[in-house]
Amino acid sequence: MQMRCSCQNCGIYMVQDERGLESRCICPNCFSTCNACMGTEQSPVEGDRLEWIAMLRERYDREHGEED
């Protein structure tokens, strides 16, 4: 299901422009762009940092009795 956002500038429904991590919505009326519904503008996490985050999560889950 795709999210439908209205333009903050003119109120017309925006069209999604899918470009991977640089996806955004574009207003077909005034050409304003927005990426608020696409999530945060974070950069992809490097492999070693991702492993460290996963290790911390596993340790937290063990200590707090959480399971998948």
# chains A, B, ... in the order shown; residues from 1 in each chain; ligands from 1

call {"tool": "residues_around", "arguments": {"residues": "segment 23-31 of chain A", "least_positions_apart": "3", "cutoff": "8 Å", "atoms": "only C-alpha atoms", "output": "number ranges by chain"}}
result
A: 7, 9-10, 12-20, 34-35, 38

call {"tool": "select_by_dssp", "arguments": {"residues": "chain A", "states": "strand (DSSP E)", "output": "ChimeraX atom specification"}}
result
/A:15-17,24-26,33-34

call {"tool": "atom_distance", "arguments": {"atom1": "atom CA of Cys5 of chain A", "atom2": "atom CA of Ser32 of chain A"}}
result
12.1 Å

call {"tool": "select_by_dssp", "arguments": {"residues": "chain A", "states": "alpha helix (DSSP H)", "output": "number ranges by chain"}}
result
A: 47-64

call {"tool": "write_last_selection", "arguments": {"atoms": "N, CA and C atoms", "output": "PDB file, in the first residue's frame"}}
result
ATOM      1  N   GLY A  47      28.542  -2.370   7.210  1.00  0.00           N
ATOM      2  CA  GLY A  47      28.428  -3.742   7.691  1.00  0.00           C
ATOM      3  C   GLY A  47      28.907  -3.963   9.111  1.00  0.00           C
ATOM      4  N   ASP A  48      30.098  -3.445   9.462  1.00  0.00           N
ATOM      5  CA  ASP A  48      30.617  -3.660  10.816  1.00  0.00           C
ATOM      6  C   ASP A  48      29.760  -2.953  11.860  1.00  0.00           C
ATOM      7  N   ARG A  49      29.251  -1.800  11.538  1.00  0.00           N
ATOM      8  CA  ARG A  49      28.358  -1.071  12.464  1.00  0.00           C
ATOM      9  C   ARG A  49      27.031  -1.817  12.627  1.00  0.00           C
ATOM     10  N   LEU A  50      26.525  -2.392  11.544  1.00  0.00           N
ATOM     11  CA  LEU A  50      25.291  -3.165  11.599  1.00  0.00           C
ATOM     12  C   LEU A  50      25.466  -4.400  12.481  1.00  0.00           C
ATOM     13  N   GLU A  51      26.604  -5.079  12.364  1.00  0.00           N
ATOM     14  CA  GLU A  51      26.891  -6.237  13.224  1.00  0.00           C
ATOM     15  C   GLU A  51      26.953  -5.822  14.689  1.00  0.00           C
ATOM     16  N   TRP A  52      27.561  -4.677  14.980  1.00  0.00           N
ATOM     17  CA  TRP A  52      27.664  -4.182  16.356  1.00  0.00           C
ATOM     18  C   TRP A  52      26.269  -3.882  16.915  1.00  0.00           C
ATOM     19  N   ILE A  53      25.416  -3.259  16.097  1.00  0.00           N
ATOM     20  CA  ILE A  53      24.050  -2.959  16.526  1.00  0.00           C
ATOM     21  C   ILE A  53      23.290  -4.252  16.815  1.00  0.00           C
ATOM     22  N   ALA A  54      23.449  -5.261  15.947  1.00  0.00           N
ATOM     23  CA  ALA A  54      22.776  -6.550  16.139  1.00  0.00           C
ATOM     24  C   ALA A  54      23.256  -7.224  17.420  1.00  0.00           C
ATOM     25  N   MET A  55      24.568  -7.147  17.711  1.00  0.00           N
ATOM     26  CA  MET A  55      25.112  -7.722  18.930  1.00  0.00           C
ATOM     27  C   MET A  55      24.519  -7.039  20.169  1.00  0.00           C
ATOM     28  N   LEU A  56      24.432  -5.712  20.129  1.00  0.00           N
ATOM     29  CA  LEU A  56      23.844  -4.988  21.251  1.00  0.00           C
ATOM     30  C   LEU A  56      22.382  -5.371  21.452  1.00  0.00           C
ATOM     31  N   ARG A  57      21.653  -5.533  20.363  1.00  0.00           N
ATOM     32  CA  ARG A  57      20.240  -5.916  20.445  1.00  0.00           C
ATOM     33  C   ARG A  57      20.086  -7.313  21.045  1.00  0.00           C
ATOM     34  N   GLU A  58      20.926  -8.256  20.595  1.00  0.00           N
ATOM     35  CA  GLU A  58      20.878  -9.618  21.140  1.00  0.00           C
ATOM     36  C   GLU A  58      21.176  -9.613  22.633  1.00  0.00           C
ATOM     37  N   ARG A  59      22.172  -8.838  23.051  1.00  0.00           N
ATOM     38  CA  ARG A  59      22.520  -8.757  24.471  1.00  0.00           C
ATOM     39  C   ARG A  59      21.366  -8.147  25.267  1.00  0.00           C
ATOM     40  N   TYR A  60      20.762  -7.097  24.744  1.00  0.00           N
ATOM     41  CA  TYR A  60      19.620  -6.476  25.404  1.00  0.00           C
ATOM     42  C   TYR A  60      18.484  -7.478  25.556  1.00  0.00           C
ATOM     43  N   ASP A  61      18.180  -8.197  24.469  1.00  0.00           N
ATOM     44  CA  ASP A  61      17.098  -9.186  24.506  1.00  0.00           C
ATOM     45  C   ASP A  61      17.364 -10.281  25.536  1.00  0.00           C
ATOM     46  N   ARG A  62      18.613 -10.757  25.620  1.00  0.00           N
ATOM     47  CA  ARG A  62      18.965 -11.786  26.617  1.00  0.00           C
ATOM     48  C   ARG A  62      18.766 -11.253  28.038  1.00  0.00           C
ATOM     49  N   GLU A  63      19.225 -10.039  28.272  1.00  0.00           N
ATOM     50  CA  GLU A  63      19.147  -9.450  29.615  1.00  0.00           C
ATOM     51  C   GLU A  63      17.720  -9.110  30.026  1.00  0.00           C
ATOM     52  N   HIS A  64      16.860  -8.840  29.058  1.00  0.00           N
ATOM     53  CA  HIS A  64      15.484  -8.443  29.363  1.00  0.00           C
ATOM     54  C   HIS A  64      14.437  -9.499  29.020  1.00  0.00           C
TER      55      HIS A  64
END

call {"tool": "decode", "arguments": {"residues": "segment 13-56 of chain A", "atoms": "N, CA and C atoms", "output": "mmCIF file, in the first residue's frame"}}
result
data_model
loop_
_atom_site.group_PDB
_atom_site.id
_atom_site.type_symbol
_atom_site.label_atom_id
_atom_site.label_comp_id
_atom_site.auth_asym_id
_atom_site.auth_seq_id
_atom_site.Cartn_x
_atom_site.Cartn_y
_atom_site.Cartn_z
ATOM 1 N N TYR A 13 -2.660 16.204 -4.553
ATOM 2 C CA TYR A 13 -2.004 14.932 -4.245
ATOM 3 C C TYR A 13 -0.673 14.833 -4.973
ATOM 4 N N MET A 14 0.351 14.365 -4.253
ATOM 5 C CA MET A 14 1.691 14.249 -4.810
ATOM 6 C C MET A 14 1.896 12.862 -5.418
ATOM 7 N N VAL A 15 2.841 12.768 -6.322
ATOM 8 C CA VAL A 15 3.180 11.527 -7.002
ATOM 9 C C VAL A 15 4.533 11.043 -6.487
ATOM 10 N N GLN A 16 4.644 9.736 -6.187
ATOM 11 C CA GLN A 16 5.911 9.205 -5.701
ATOM 12 C C GLN A 16 6.910 9.065 -6.840
ATOM 13 N N ASP A 17 8.136 9.458 -6.567
ATOM 14 C CA ASP A 17 9.260 9.327 -7.494
ATOM 15 C C ASP A 17 10.242 8.382 -6.816
ATOM 16 N N GLU A 18 10.164 7.093 -7.161
ATOM 17 C CA GLU A 18 10.967 6.076 -6.487
ATOM 18 C C GLU A 18 12.377 6.060 -7.045
ATOM 19 N N ARG A 19 13.341 6.331 -6.173
ATOM 20 C CA ARG A 19 14.759 6.377 -6.530
ATOM 21 C C ARG A 19 15.594 5.741 -5.432
ATOM 22 N N GLY A 20 15.163 4.599 -4.938
ATOM 23 C CA GLY A 20 15.906 3.931 -3.875
ATOM 24 C C GLY A 20 15.956 4.775 -2.627
ATOM 25 N N LEU A 21 17.163 5.024 -2.126
ATOM 26 C CA LEU A 21 17.326 5.800 -0.898
ATOM 27 C C LEU A 21 17.016 7.280 -1.085
ATOM 28 N N GLU A 22 16.915 7.725 -2.337
ATOM 29 C CA GLU A 22 16.631 9.129 -2.614
ATOM 30 C C GLU A 22 15.196 9.325 -3.101
ATOM 31 N N SER A 23 14.284 8.403 -2.733
ATOM 32 C CA SER A 23 12.881 8.512 -3.139
ATOM 33 C C SER A 23 12.252 9.760 -2.540
ATOM 34 N N ARG A 24 11.247 10.262 -3.236
ATOM 35 C CA ARG A 24 10.567 11.481 -2.792
ATOM 36 C C ARG A 24 9.197 11.541 -3.452
ATOM 37 N N CYS A 25 8.424 12.513 -3.090
ATOM 38 C CA CYS A 25 7.156 12.796 -3.756
ATOM 39 C C CYS A 25 7.303 14.130 -4.475
ATOM 40 N N ILE A 26 6.625 14.235 -5.624
ATOM 41 C CA ILE A 26 6.662 15.465 -6.420
ATOM 42 C C ILE A 26 5.235 15.907 -6.690
ATOM 43 N N CYS A 27 4.974 17.167 -6.505
ATOM 44 C CA CYS A 27 3.655 17.721 -6.788
ATOM 45 C C CYS A 27 3.528 17.953 -8.292
ATOM 46 N N PRO A 28 2.505 17.366 -8.932
ATOM 47 C CA PRO A 28 2.338 17.566 -10.365
ATOM 48 C C PRO A 28 1.836 18.970 -10.726
ATOM 49 N N ASN A 29 1.431 19.736 -9.721
ATOM 50 C CA ASN A 29 0.904 21.078 -9.968
ATOM 51 C C ASN A 29 1.990 22.154 -9.839
ATOM 52 N N CYS A 30 2.705 22.146 -8.689
ATOM 53 C CA CYS A 30 3.694 23.210 -8.456
ATOM 54 C C CYS A 30 5.135 22.690 -8.415
ATOM 55 N N PHE A 31 5.303 21.363 -8.563
ATOM 56 C CA PHE A 31 6.606 20.707 -8.612
ATOM 57 C C PHE A 31 7.398 20.780 -7.307
ATOM 58 N N SER A 32 6.731 21.054 -6.189
ATOM 59 C CA SER A 32 7.387 20.978 -4.886
ATOM 60 C C SER A 32 7.727 19.513 -4.614
ATOM 61 N N THR A 33 8.771 19.289 -3.851
ATOM 62 C CA THR A 33 9.152 17.922 -3.494
ATOM 63 C C THR A 33 9.166 17.765 -1.982
ATOM 64 N N CYS A 34 9.011 16.528 -1.536
ATOM 65 C CA CYS A 34 8.994 16.220 -0.111
ATOM 66 C C CYS A 34 9.405 14.755 0.058
ATOM 67 N N ASN A 35 10.052 14.423 1.160
ATOM 68 C CA ASN A 35 10.386 13.022 1.429
ATOM 69 C C ASN A 35 9.983 12.610 2.844
ATOM 70 N N ALA A 36 9.074 13.364 3.462
ATOM 71 C CA ALA A 36 8.675 13.092 4.848
ATOM 72 C C ALA A 36 8.063 11.706 5.020
ATOM 73 N N CYS A 37 7.269 11.248 4.069
ATOM 74 C CA CYS A 37 6.625 9.939 4.210
ATOM 75 C C CYS A 37 7.549 8.800 3.821
ATOM 76 N N MET A 38 8.737 9.108 3.345
ATOM 77 C CA MET A 38 9.683 8.083 2.913
ATOM 78 C C MET A 38 10.607 7.642 4.045
ATOM 79 N N GLY A 39 10.463 8.215 5.201
ATOM 80 C CA GLY A 39 11.327 7.862 6.312
ATOM 81 C C GLY A 39 12.378 8.930 6.538
ATOM 82 N N THR A 40 13.404 8.563 7.279
ATOM 83 C CA THR A 40 14.454 9.527 7.603
ATOM 84 C C THR A 40 15.474 9.604 6.485
ATOM 85 N N GLU A 41 16.290 10.597 6.545
ATOM 86 C CA GLU A 41 17.353 10.776 5.556
ATOM 87 C C GLU A 41 18.661 10.163 6.035
ATOM 88 N N GLN A 42 18.595 9.038 6.727
ATOM 89 C CA GLN A 42 19.803 8.393 7.217
ATOM 90 C C GLN A 42 20.560 7.733 6.079
ATOM 91 N N SER A 43 21.866 7.698 6.208
ATOM 92 C CA SER A 43 22.705 6.967 5.269
ATOM 93 C C SER A 43 22.638 5.484 5.595
ATOM 94 N N PRO A 44 22.895 4.618 4.616
ATOM 95 C CA PRO A 44 22.931 3.185 4.911
ATOM 96 C C PRO A 44 24.012 2.895 5.948
ATOM 97 N N VAL A 45 23.766 1.916 6.808
ATOM 98 C CA VAL A 45 24.704 1.564 7.866
ATOM 99 C C VAL A 45 25.769 0.624 7.299
ATOM 100 N N GLU A 46 27.021 0.894 7.620
ATOM 101 C CA GLU A 46 28.128 0.032 7.187
ATOM 102 C C GLU A 46 28.009 -1.333 7.856
ATOM 103 N N GLY A 47 28.542 -2.370 7.210
ATOM 104 C CA GLY A 47 28.428 -3.742 7.691
ATOM 105 C C GLY A 47 28.907 -3.963 9.111
ATOM 106 N N ASP A 48 30.098 -3.445 9.462
ATOM 107 C CA ASP A 48 30.617 -3.660 10.816
ATOM 108 C C ASP A 48 29.760 -2.953 11.860
ATOM 109 N N ARG A 49 29.251 -1.800 11.538
ATOM 110 C CA ARG A 49 28.358 -1.071 12.464
ATOM 111 C C ARG A 49 27.031 -1.817 12.627
ATOM 112 N N LEU A 50 26.525 -2.392 11.544
ATOM 113 C CA LEU A 50 25.291 -3.165 11.599
ATOM 114 C C LEU A 50 25.466 -4.400 12.481
ATOM 115 N N GLU A 51 26.604 -5.079 12.364
ATOM 116 C CA GLU A 51 26.891 -6.237 13.224
ATOM 117 C C GLU A 51 26.953 -5.822 14.689
ATOM 118 N N TRP A 52 27.561 -4.677 14.980
ATOM 119 C CA TRP A 52 27.664 -4.182 16.356
ATOM 120 C C TRP A 52 26.269 -3.882 16.915
ATOM 121 N N ILE A 53 25.416 -3.259 16.097
ATOM 122 C CA ILE A 53 24.050 -2.959 16.526
ATOM 123 C C ILE A 53 23.290 -4.252 16.815
ATOM 124 N N ALA A 54 23.449 -5.261 15.947
ATOM 125 C CA ALA A 54 22.776 -6.550 16.139
ATOM 126 C C ALA A 54 23.256 -7.224 17.420
ATOM 127 N N MET A 55 24.568 -7.147 17.711
ATOM 128 C CA MET A 55 25.112 -7.722 18.930
ATOM 129 C C MET A 55 24.519 -7.039 20.169
ATOM 130 N N LEU A 56 24.432 -5.712 20.129
ATOM 131 C CA LEU A 56 23.844 -4.988 21.251
ATOM 132 C C LEU A 56 22.382 -5.371 21.452
#
